[in-house]
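**Q** Shown below is the structure under consideration.
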Protein chains: 6
Amino acid sequence: MGFEHREEHIDEGMLLLQANIDDMNPELCSYVGECLFEAGANDVYWIPIIMKKGRPGVMLNVLVDESRLERMEEVIFRETTTIGLRYLRASCHRLAREFKQVATPWGAIHVKVGYHRGRMVQFAPEFKECEQAAKQYGVPLKQVYDEVRRLFLNGEKHSDML
Amino acid sequence: MGFEHREEHIDEGMLLLQANIDDMNPELCSYVGECLFEAGANDVYWIPIIMKKGRPGVMLNVLVDESRLERMEEVIFRETTTIGLRYLRASCHRLAREFKQVATPWGAIHVKVGYHRGRMVQFAPEFKECEQAAKQYGVPLKQVYDEVRRLFLNGEKHSDML
Amino acid sequence: MGFEHREEHIDEGMLLLQANIDDMNPELCSYVGECLFEAGANDVYWIPIIMKKGRPGVMLNVLVDESRLERMEEVIFRETTTIGLRYLRASCHRLAREFKQVATPWGAIHVKVGYHRGRMVQFAPEFKECEQAAKQYGVPLKQVYDEVRRLFLNGEKHSDML
Amino acid sequence: MGFEHREEHIDEGMLLLQANIDDMNPELCSYVGECLFEAGANDVYWIPIIMKKGRPGVMLNVLVDESRLERMEEVIFRETTTIGLRYLRASCHRLAREFKQVATPWGAIHVKVGYHRGRMVQFAPEFKECEQAAKQYGVPLKQVYDEVRRLFLNGEKHSDML
Amino acid sequence: MGFEHREEHIDEGMLLLQANIDDMNPELCSYVGECLFEAGANDVYWIPIIMKKGRPGVMLNVLVDESRLERMEEVIFRETTTIGLRYLRASCHRLAREFKQVATPWGAIHVKVGYHRGRMVQFAPEFKECEQAAKQYGVPLKQVYDEVRRLFLNGEKHSDML
Amino acid sequence: MGFEHREEHIDEGMLLLQANIDDMNPELCSYVGECLFEAGANDVYWIPIIMKKGRPGVMLNVLVDESRLERMEEVIFRETTTIGLRYLRASCHRLAREFKQVATPWGAIHVKVGYHRGRMVQFAPEFKECEQAAKQYGVPLKQVYDEVRRLFLNGEKHSDML
């Protein structure tokens with residue numbers, strides 16, 4: 001469920017790796033993403049772009065700590081068709097995050113809460129757990145989400161009043 | 001320069017062919033487009049889409065008269081990797097169009113004019129000719145465009161006054 | 001706030017108008033959309049596409065009742081640069097919809113509710129009203145949304161129990 | 001592995017369902033797709049679009065036999081936030097397809113072959129099997145693909161010569 | 001109408017803030033943009049991206065002077081659902097710009113002119129003013145644009161000749 | 001055919017130039033790209049974005065050595081409508097690359113090979129040469145590609161065995 005109780009902080013030494021790809025079977029993209037996450041990427045995403053001669057390519061983006069640059073390059077050159085990549089320095093500001101539990105008709109489900117300067121600014125039901133509840137109980141996934149959010153907020157309201 | 005002096009009309013018997021492609025080298029796209037135009041397509045364009053398992057694919061779109069369906073299919077199956085395609089019936093409304101000449105510092109350049117119910121509603125400098133003038137005379141292409149449009153409109157204003 | 005208390009129904013005689021545009025200043029798009037809505041379009045949306053010679057164009061899409069085809073064409077030829085358009089027949093399935101009021105700390109806010117075969121399947125706070133509350137009271141818009149949703153669901157739960 | 005040995009054919013009675021969605025958590029998209037495939041969709045894909053007020057929405061597309069329209073609608077209204085959808089008639093041209101086996105250093109892997117008017121026009125290694133081989137043997141996925149394609153073509157060349 | 005008569009210059013201390021968002025109602029995007037502009041953003045734009053598990057997300061981009069980083073973060077964490085963001089250093093090269101007036105049949109309309117090394121390289125009619133003229137006088141917006149451009153260029157030609 | 005036999009290396013002093021454009025005729029894009037490549041750009045690509053007021057714009061991206069910044073700016077201000085641009089520092093990691101020849105039924109075709117730490121990780125048939133062969137011999141372009149790849153790999157296998 002990701003990192004819990006982390007302090008809000010800024011990582012100065014992050015890199016954003018980018019590779020423009022116009023000659024790879026797009027079927028490979030999700031597998032490439034998995035390999036990069038396994039090798040320690042903080043985030044992986046794809047941007048549809050238009051390349052030389054109007055080719056509809058994709059730009060692979062990998063956000064990663066600079067200490068893992070080599071490992072990422074190894075995966076990118078091994079698993080994609082690119083013959084080069086670039087990287088830019090980035091700083092990442094990450095909120096403090098904490099997991100809270102909500103009791104629902106479909107069992108306990110976690111909510112990831114984000115704090116900026118000590119104030120709760122975000123809360124998000126854990127996708128995997130909601131999805132599993134939806135499948136197991138035959139409930140629409142959006143209803144599970146809504147219900148977890150409602151119960152979480154009801155709980156917050158209640159504790160406000162104490 | 002396309003069809004001149006055509007009447008405004010509606011073609012009822014057009015087809016929109018579509019094929020979702022997620023396993024083809026995107027380098028091939030422009031070549032596929034050329035082959036389809038040569039075989040009689042009225043228009044060819046690509047839409048970035050997200051396919052099964054989050055794959056960043058492209059959807060090939062071909063607008064064509066139904067009489068040329070087979071020829072298009074021949075090209076699509078031959079030149080792309082798709083194992084199926086779909087087509088939808090469409091009607092095309094095309095404006096009357098006419099080419100007029102504008103005398104510019106870089107020679108005569110054509111302007112395509114479109115008429116809806118007899119009234120001029122569109123005018124567009126011919127791209128190829130503007131591009132060639134820009135290259136030959138070392139002028140920014142946007143300046144050639146702007147100048148052709150200005151001169152065309154000046155001419156229209158003048159003839160309005162007669 | 002759109003149509004209230006309508007029955008769930010299917011409109012068979014709808015048209016989807018499409019025009020590929022690669023030579024228009026994109027600044028015009030939002031204005032074009034407004035004009036089409038004013039002239040009776042049911043929906044207007046834009047799709048980024050890749051056109052001939054790799055040009056990054058946009059495809060204008062207008063969903064409209066076939067009785068308003070001419071009015072739409074008038075606007076499209078008048079306000080965009082296209083010299084042709086196409087249309088495809090479509091059927092629209094629309095849920096029964098009803099507006100309910102929710103009392104919030106920022107005044108009453110409407111929720112649009114959708115019914116499929118008599119069962120509530122959708123509910124959505126009215127965007128305009130939430131936005132206005134957020135601005136007036138200096139509350140994050142997402143918080144207004146969440147609160148309206150929570151209060152609406154709490155009310156539904158309560159009435160379930162009666 | 002999909003349908004084998006099917007004849008090339010055209011399905012006239014297909015529908016393309018579309019719903020523009022600008023108020024749904026995008027996390028839900030992949031789940032929605034899975035539900036639709038399970039309920040009998042032939043294809044599901046998403047197109048990034050720009051909706052009213054410049055909202056970056058997505059258009060859900062479902063290709064399905066008209067006999068399954070109701071089942072699809074049930075899923076779409078249940079699992080997405082849309083309060084309406086549209087459908088257009090489409091014809092699907094599907095190639096004859098057959099699965100052949102290729103012996104590789106990582107075990108037998110299937111290749112899906114497509115025939116247009118009796119001539120082989122497509123061949124594609126089965127993604128799932130290649131992915132599994134890549135994971136199990138620690139080989140780059142692209143190398144597995146290339147090797148399956150090479151071995152398949154070598155086999156075809158050989159049988160040509162007999 | 002933005003800054004007038006500014007000298008062409010380079011701002012070294014700019015930041016490009018980015019946040020990938022896959023769990024926010026896209027309806028919120030335009031409001032988020034407005035809040036960021038009000039808080040001092042130089043530019044705000046959105047890029048459609050494909051995130052983990054094939055989710056169609058959007059990347060928020062904010063270009064801003066580094067002195068306003070905190071204010072931007074405050075808005076982003078408050079108004080979006082992200083629990084982190086990144087920023088990259090950027091330098092901005094801005095042309096000298098000046099506003100000139102053009103007398104048109106619909107009143108005076110401004111044209112923003114851009115200079116690179118003292119030479120006029122850009123000119124653009126003010127969108128808001130053109131839009132207002134189009135609405136007030138019932139003229140196509142594109143025609144207002146074209147006419148402002150024509151009249152501006154005619155004036156420039158004339159002054160060239162003096 | 002690009003640079004041959006180059007060593008794998010990292011260029012630290014690269015710049016990524018970006019300009020958001022929402023008021024330019026998209027027809028100009030390919031011409032702008034050509035001008036930038038001629039003036040020494042390492043890469044040029046376009047990203048569809050959503051700008052202020054929901055305008056569907058494009059972001060021009062130019063990757064270039066910092067020594068050529070001024071030349072690029074000259075072209076961008078001259079050939080596009082932007083009144084500003086930004087640049088970010090980037091490092092480019094480029095593989096060693098080498099061209100090998102493959103004898104095919106349609107004559108010799110080159111394959112660009114990429115090496116990471118001395119190991120071949122990429123190989124790609126030269127697009128231009130494959131395209132020319134496809135046109136000259138009336139063979140599907142994808143078949144030319146596949147055949148070049150097959151023959152190249154057969155050759156590699158053979159030399160492995162010696």
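We label chains A, B, ... in the order they appear in the structure tokens, count residues from 1 in each chain, and number ligands from 1 in the order shown.
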Using only C-alpha atoms and a cut-off of 7 Å, which residues of chain F sit close to chain C? Please list them as a PDB file with N, CA, C and O atoms, in the first residue's frame.
**A**
ATOM      1  N   ASP F  22      -1.326  28.053 -29.767  1.00  0.00           N
ATOM      2  CA  ASP F  22      -2.779  27.852 -29.912  1.00  0.00           C
ATOM      3  C   ASP F  22      -3.384  28.806 -30.942  1.00  0.00           C
ATOM      4  O   ASP F  22      -4.599  28.899 -31.049  1.00  0.00           O
ATOM      5  N   ASP F  23      -2.536  29.487 -31.710  1.00  0.00           N
ATOM      6  CA  ASP F  23      -3.108  30.415 -32.689  1.00  0.00           C
ATOM      7  C   ASP F  23      -2.422  30.310 -34.045  1.00  0.00           C
ATOM      8  O   ASP F  23      -2.358  31.265 -34.803  1.00  0.00           O
ATOM      9  N   MET F  24      -1.925  29.101 -34.349  1.00  0.00           N
ATOM     10  CA  MET F  24      -1.243  28.901 -35.629  1.00  0.00           C
ATOM     11  C   MET F  24      -1.991  27.861 -36.450  1.00  0.00           C
ATOM     12  O   MET F  24      -2.461  26.856 -35.918  1.00  0.00           O
ATOM     13  N   ASN F  25      -2.085  28.111 -37.722  1.00  0.00           N
ATOM     14  CA  ASN F  25      -2.607  27.153 -38.685  1.00  0.00           C
ATOM     15  C   ASN F  25      -1.767  25.867 -38.594  1.00  0.00           C
ATOM     16  O   ASN F  25      -0.566  25.898 -38.881  1.00  0.00           O
ATOM     17  N   PRO F  26      -2.347  24.728 -38.194  1.00  0.00           N
ATOM     18  CA  PRO F  26      -1.548  23.505 -38.021  1.00  0.00           C
ATOM     19  C   PRO F  26      -0.897  22.999 -39.309  1.00  0.00           C
ATOM     20  O   PRO F  26       0.024  22.198 -39.256  1.00  0.00           O
ATOM     21  N   GLU F  27      -1.366  23.472 -40.458  1.00  0.00           N
ATOM     22  CA  GLU F  27      -0.714  23.089 -41.719  1.00  0.00           C
ATOM     23  C   GLU F  27       0.785  23.392 -41.686  1.00  0.00           C
ATOM     24  O   GLU F  27       1.580  22.750 -42.363  1.00  0.00           O
ATOM     25  N   CYS F  29       2.939  23.049 -39.331  1.00  0.00           N
ATOM     26  CA  CYS F  29       3.785  22.265 -38.425  1.00  0.00           C
ATOM     27  C   CYS F  29       4.888  21.486 -39.129  1.00  0.00           C
ATOM     28  O   CYS F  29       6.049  21.520 -38.703  1.00  0.00           O
ATOM     29  N   SER F  30       4.549  20.761 -40.191  1.00  0.00           N
ATOM     30  CA  SER F  30       5.584  19.922 -40.795  1.00  0.00           C
ATOM     31  C   SER F  30       6.693  20.783 -41.400  1.00  0.00           C
ATOM     32  O   SER F  30       7.872  20.444 -41.312  1.00  0.00           O
ATOM     33  N   PRO F  48      -0.011  17.156 -28.471  1.00  0.00           N
ATOM     34  CA  PRO F  48      -1.333  17.782 -28.366  1.00  0.00           C
ATOM     35  C   PRO F  48      -1.603  18.176 -26.908  1.00  0.00           C
ATOM     36  O   PRO F  48      -1.430  17.347 -26.012  1.00  0.00           O
ATOM     37  N   GLY F  54      -9.676  25.988 -22.670  1.00  0.00           N
ATOM     38  CA  GLY F  54      -9.965  24.727 -23.318  1.00  0.00           C
ATOM     39  C   GLY F  54      -9.571  24.636 -24.773  1.00  0.00           C
ATOM     40  O   GLY F  54     -10.088  23.818 -25.523  1.00  0.00           O
ATOM     41  N   ARG F  55      -8.604  25.453 -25.176  1.00  0.00           N
ATOM     42  CA  ARG F  55      -8.193  25.418 -26.586  1.00  0.00           C
ATOM     43  C   ARG F  55      -7.294  24.227 -26.880  1.00  0.00           C
ATOM     44  O   ARG F  55      -6.315  24.010 -26.179  1.00  0.00           O
ATOM     45  N   PRO F  56      -7.594  23.501 -27.946  1.00  0.00           N
ATOM     46  CA  PRO F  56      -6.747  22.362 -28.326  1.00  0.00           C
ATOM     47  C   PRO F  56      -5.498  22.840 -29.057  1.00  0.00           C
ATOM     48  O   PRO F  56      -5.518  23.001 -30.270  1.00  0.00           O
ATOM     49  N   GLY F  57      -4.432  23.095 -28.320  1.00  0.00           N
ATOM     50  CA  GLY F  57      -3.197  23.581 -28.913  1.00  0.00           C
ATOM     51  C   GLY F  57      -2.189  22.475 -29.150  1.00  0.00           C
ATOM     52  O   GLY F  57      -2.484  21.285 -28.988  1.00  0.00           O
TER      53      GLY F  57
END
**Q** Superposition of chain B onto chain F by least squares over all sequentially paired C-alpha atoms; the transformed chain is requested as an mmCIF file with C-alpha atoms, in the first residue's frame.
**A**
data_model
loop_
_atom_site.group_PDB
_atom_site.id
_atom_site.type_symbol
_atom_site.label_atom_id
_atom_site.label_comp_id
_atom_site.auth_asym_id
_atom_site.auth_seq_id
_atom_site.Cartn_x
_atom_site.Cartn_y
_atom_site.Cartn_z
ATOM 1 C CA MET B 1 22.005 7.544 -42.733
ATOM 2 C CA GLY B 2 22.989 9.466 -39.621
ATOM 3 C CA PHE B 3 26.267 9.031 -37.731
ATOM 4 C CA GLU B 4 28.064 5.713 -37.989
ATOM 5 C CA HIS B 5 30.456 3.952 -35.596
ATOM 6 C CA ARG B 6 29.949 6.588 -32.897
ATOM 7 C CA GLU B 7 30.876 5.596 -29.397
ATOM 8 C CA GLU B 8 28.142 5.323 -26.815
ATOM 9 C CA HIS B 9 28.203 8.642 -24.975
ATOM 10 C CA ILE B 10 26.342 11.215 -22.943
ATOM 11 C CA ASP B 11 25.856 14.818 -24.081
ATOM 12 C CA GLU B 12 25.374 16.938 -21.000
ATOM 13 C CA GLY B 13 24.806 20.247 -22.692
ATOM 14 C CA MET B 14 21.517 19.651 -24.468
ATOM 15 C CA LEU B 15 18.442 21.849 -24.311
ATOM 16 C CA LEU B 16 14.778 20.979 -24.677
ATOM 17 C CA LEU B 17 12.990 23.989 -26.184
ATOM 18 C CA GLN B 18 9.204 24.178 -25.819
ATOM 19 C CA ALA B 19 6.584 26.535 -27.180
ATOM 20 C CA ASN B 20 2.824 26.198 -26.623
ATOM 21 C CA ILE B 21 0.960 27.279 -29.720
ATOM 22 C CA ASP B 22 -2.778 27.848 -29.924
ATOM 23 C CA ASP B 23 -3.110 30.414 -32.682
ATOM 24 C CA MET B 24 -1.232 28.902 -35.628
ATOM 25 C CA ASN B 25 -2.594 27.143 -38.679
ATOM 26 C CA PRO B 26 -1.535 23.496 -38.029
ATOM 27 C CA GLU B 27 -0.715 23.107 -41.730
ATOM 28 C CA LEU B 28 2.549 24.879 -40.924
ATOM 29 C CA CYS B 29 3.786 22.261 -38.437
ATOM 30 C CA SER B 30 5.582 19.922 -40.808
ATOM 31 C CA TYR B 31 7.317 22.832 -42.532
ATOM 32 C CA VAL B 32 8.434 24.239 -39.184
ATOM 33 C CA GLY B 33 9.873 20.827 -38.322
ATOM 34 C CA GLU B 34 11.832 20.666 -41.567
ATOM 35 C CA CYS B 35 13.269 24.148 -41.022
ATOM 36 C CA LEU B 36 14.384 23.184 -37.514
ATOM 37 C CA PHE B 37 16.046 19.961 -38.651
ATOM 38 C CA GLU B 38 17.853 21.878 -41.385
ATOM 39 C CA ALA B 39 19.077 24.395 -38.823
ATOM 40 C CA GLY B 40 20.597 21.640 -36.705
ATOM 41 C CA ALA B 41 17.875 20.306 -34.356
ATOM 42 C CA ASN B 42 18.533 16.811 -33.030
ATOM 43 C CA ASP B 43 14.849 16.094 -32.737
ATOM 44 C CA VAL B 44 11.527 17.871 -33.255
ATOM 45 C CA TYR B 45 8.147 16.615 -32.080
ATOM 46 C CA TRP B 46 4.668 17.903 -31.261
ATOM 47 C CA ILE B 47 2.429 17.145 -28.285
ATOM 48 C CA PRO B 48 -1.340 17.779 -28.383
ATOM 49 C CA ILE B 49 -2.244 19.854 -25.312
ATOM 50 C CA ILE B 50 -5.215 21.654 -23.827
ATOM 51 C CA MET B 51 -4.534 25.320 -23.236
ATOM 52 C CA LYS B 52 -6.269 28.258 -21.571
ATOM 53 C CA LYS B 53 -10.051 28.307 -22.173
ATOM 54 C CA GLY B 54 -9.947 24.689 -23.300
ATOM 55 C CA ARG B 55 -8.203 25.403 -26.564
ATOM 56 C CA PRO B 56 -6.764 22.352 -28.326
ATOM 57 C CA GLY B 57 -3.208 23.557 -28.913
ATOM 58 C CA VAL B 58 0.082 21.892 -29.720
ATOM 59 C CA MET B 59 3.405 22.065 -27.906
ATOM 60 C CA LEU B 60 6.444 22.292 -30.146
ATOM 61 C CA ASN B 61 9.443 20.446 -28.711
ATOM 62 C CA VAL B 62 12.975 20.819 -30.024
ATOM 63 C CA LEU B 63 15.944 18.895 -28.675
ATOM 64 C CA VAL B 64 19.187 20.635 -29.523
ATOM 65 C CA ASP B 65 22.754 21.282 -28.412
ATOM 66 C CA GLU B 66 22.969 24.464 -26.353
ATOM 67 C CA SER B 67 25.420 25.926 -28.865
ATOM 68 C CA ARG B 68 22.581 26.103 -31.389
ATOM 69 C CA LEU B 69 20.014 27.773 -29.142
ATOM 70 C CA GLU B 70 20.064 31.083 -30.989
ATOM 71 C CA ARG B 71 19.698 29.500 -34.383
ATOM 72 C CA MET B 72 16.678 27.524 -33.161
ATOM 73 C CA GLU B 73 15.067 30.593 -31.625
ATOM 74 C CA GLU B 74 15.550 32.458 -34.885
ATOM 75 C CA VAL B 75 13.598 29.739 -36.723
ATOM 76 C CA ILE B 76 10.890 29.373 -34.088
ATOM 77 C CA PHE B 77 10.123 33.096 -33.884
ATOM 78 C CA ARG B 78 10.317 33.438 -37.629
ATOM 79 C CA GLU B 79 8.214 30.434 -38.628
ATOM 80 C CA THR B 80 5.702 29.992 -35.787
ATOM 81 C CA THR B 81 3.331 32.438 -34.112
ATOM 82 C CA THR B 82 4.687 32.149 -30.583
ATOM 83 C CA ILE B 83 5.787 35.245 -28.669
ATOM 84 C CA GLY B 84 7.835 33.277 -26.186
ATOM 85 C CA LEU B 85 9.489 29.937 -25.570
ATOM 86 C CA ARG B 86 11.146 28.122 -22.692
ATOM 87 C CA TYR B 87 14.075 25.766 -22.467
ATOM 88 C CA LEU B 88 15.143 23.126 -19.996
ATOM 89 C CA ARG B 89 18.574 21.541 -19.583
ATOM 90 C CA ALA B 90 18.790 17.895 -20.599
ATOM 91 C CA SER B 91 21.435 15.196 -20.892
ATOM 92 C CA CYS B 92 21.273 12.814 -23.824
ATOM 93 C CA HIS B 93 22.512 9.266 -23.617
ATOM 94 C CA ARG B 94 23.154 7.925 -27.122
ATOM 95 C CA LEU B 95 24.030 4.344 -27.947
ATOM 96 C CA ALA B 96 26.933 3.422 -30.166
ATOM 97 C CA ARG B 97 25.482 2.878 -33.619
ATOM 98 C CA GLU B 98 26.668 1.141 -36.712
ATOM 99 C CA PHE B 99 25.138 0.385 -40.111
ATOM 100 C CA LYS B 100 25.204 -3.123 -41.480
ATOM 101 C CA GLN B 101 24.070 -4.291 -44.880
ATOM 102 C CA VAL B 102 21.614 -7.069 -45.566
ATOM 103 C CA ALA B 103 21.240 -8.637 -49.010
ATOM 104 C CA THR B 104 17.533 -8.927 -49.825
ATOM 105 C CA PRO B 105 15.519 -9.949 -52.893
ATOM 106 C CA TRP B 106 15.129 -6.204 -53.481
ATOM 107 C CA GLY B 107 18.787 -5.279 -53.204
ATOM 108 C CA ALA B 108 20.999 -4.393 -50.241
ATOM 109 C CA ILE B 109 19.244 -2.639 -47.359
ATOM 110 C CA HIS B 110 20.941 -1.108 -44.330
ATOM 111 C CA VAL B 111 20.142 -1.954 -40.742
ATOM 112 C CA LYS B 112 21.001 0.505 -37.973
ATOM 113 C CA VAL B 113 22.412 -1.367 -35.000
ATOM 114 C CA GLY B 114 22.627 0.060 -31.467
ATOM 115 C CA TYR B 115 25.081 -1.085 -28.787
ATOM 116 C CA HIS B 116 24.813 -0.529 -25.037
ATOM 117 C CA ARG B 117 28.080 -1.303 -23.235
ATOM 118 C CA GLY B 118 29.268 -3.251 -26.205
ATOM 119 C CA ARG B 119 26.211 -5.483 -26.485
ATOM 120 C CA MET B 120 23.848 -5.196 -29.434
ATOM 121 C CA VAL B 121 20.471 -4.131 -28.039
ATOM 122 C CA GLN B 122 18.762 -2.581 -31.077
ATOM 123 C CA PHE B 123 18.511 -3.142 -34.776
ATOM 124 C CA ALA B 124 16.223 -1.324 -37.187
ATOM 125 C CA PRO B 125 15.945 -1.504 -40.977
ATOM 126 C CA GLU B 126 16.450 1.902 -42.608
ATOM 127 C CA PHE B 127 12.964 3.257 -43.271
ATOM 128 C CA LYS B 128 13.795 5.173 -46.455
ATOM 129 C CA GLU B 129 15.400 2.177 -48.105
ATOM 130 C CA CYS B 130 12.571 -0.178 -47.176
ATOM 131 C CA GLU B 131 10.013 2.312 -48.432
ATOM 132 C CA GLN B 132 11.840 2.663 -51.737
ATOM 133 C CA ALA B 133 12.052 -1.119 -52.156
ATOM 134 C CA ALA B 134 8.343 -1.470 -51.391
ATOM 135 C CA LYS B 135 7.466 1.128 -54.016
ATOM 136 C CA GLN B 136 9.848 -0.133 -56.657
ATOM 137 C CA TYR B 137 8.955 -3.820 -56.342
ATOM 138 C CA GLY B 138 5.283 -3.488 -55.400
ATOM 139 C CA VAL B 139 5.745 -5.401 -52.155
ATOM 140 C CA PRO B 140 3.961 -4.472 -48.899
ATOM 141 C CA LEU B 141 6.260 -2.265 -46.829
ATOM 142 C CA LYS B 142 5.664 -4.397 -43.734
ATOM 143 C CA GLN B 143 6.862 -7.439 -45.665
ATOM 144 C CA VAL B 144 10.078 -5.683 -46.640
ATOM 145 C CA TYR B 145 10.638 -4.784 -42.974
ATOM 146 C CA ASP B 146 9.944 -8.315 -41.789
ATOM 147 C CA GLU B 147 12.197 -9.819 -44.403
ATOM 148 C CA VAL B 148 15.086 -7.474 -43.639
ATOM 149 C CA ARG B 149 14.743 -8.283 -39.948
ATOM 150 C CA ARG B 150 14.573 -12.019 -40.620
ATOM 151 C CA LEU B 151 17.619 -11.979 -42.871
ATOM 152 C CA PHE B 152 19.559 -9.813 -40.455
ATOM 153 C CA LEU B 153 18.783 -12.146 -37.546
ATOM 154 C CA ASN B 154 19.560 -15.228 -39.631
ATOM 155 C CA GLY B 155 22.955 -13.699 -40.377
ATOM 156 C CA GLU B 156 23.571 -12.937 -36.704
ATOM 157 C CA LYS B 157 22.639 -16.482 -35.717
ATOM 158 C CA HIS B 158 25.006 -17.827 -38.314
ATOM 159 C CA SER B 159 27.943 -15.719 -37.163
ATOM 160 C CA ASP B 160 27.180 -16.720 -33.563
ATOM 161 C CA MET B 161 27.814 -20.269 -34.528
ATOM 162 C CA LEU B 162 31.232 -19.722 -36.065
#
**Q** Run DSSP on the backbone and tell me which residues of chain D come out as helix (DSSP H, G or I); list them as a ChimeraX atom specification.
**A** /D:26-38,52-54,66-79,127-137,141-161
**Q** For the strand (DSSP E) assignment from backbone DSSP, which residues of stretch 49-94 of chain F qualify? Please present them as a list in words.
**A**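 Across stretch 49-94 of chain F, those assigned strand (DSSP E) are Ile49, Ile50, Met51, Arg55, Pro56, Gly57, Val58, Met59, Leu60, Asn61, Val62, Leu63, Val64, Asp65, Gly84, Leu85, Arg86, Tyr87, Leu88, Arg89, Ala90, Ser91, Cys92, His93 and Arg94 of chain F.
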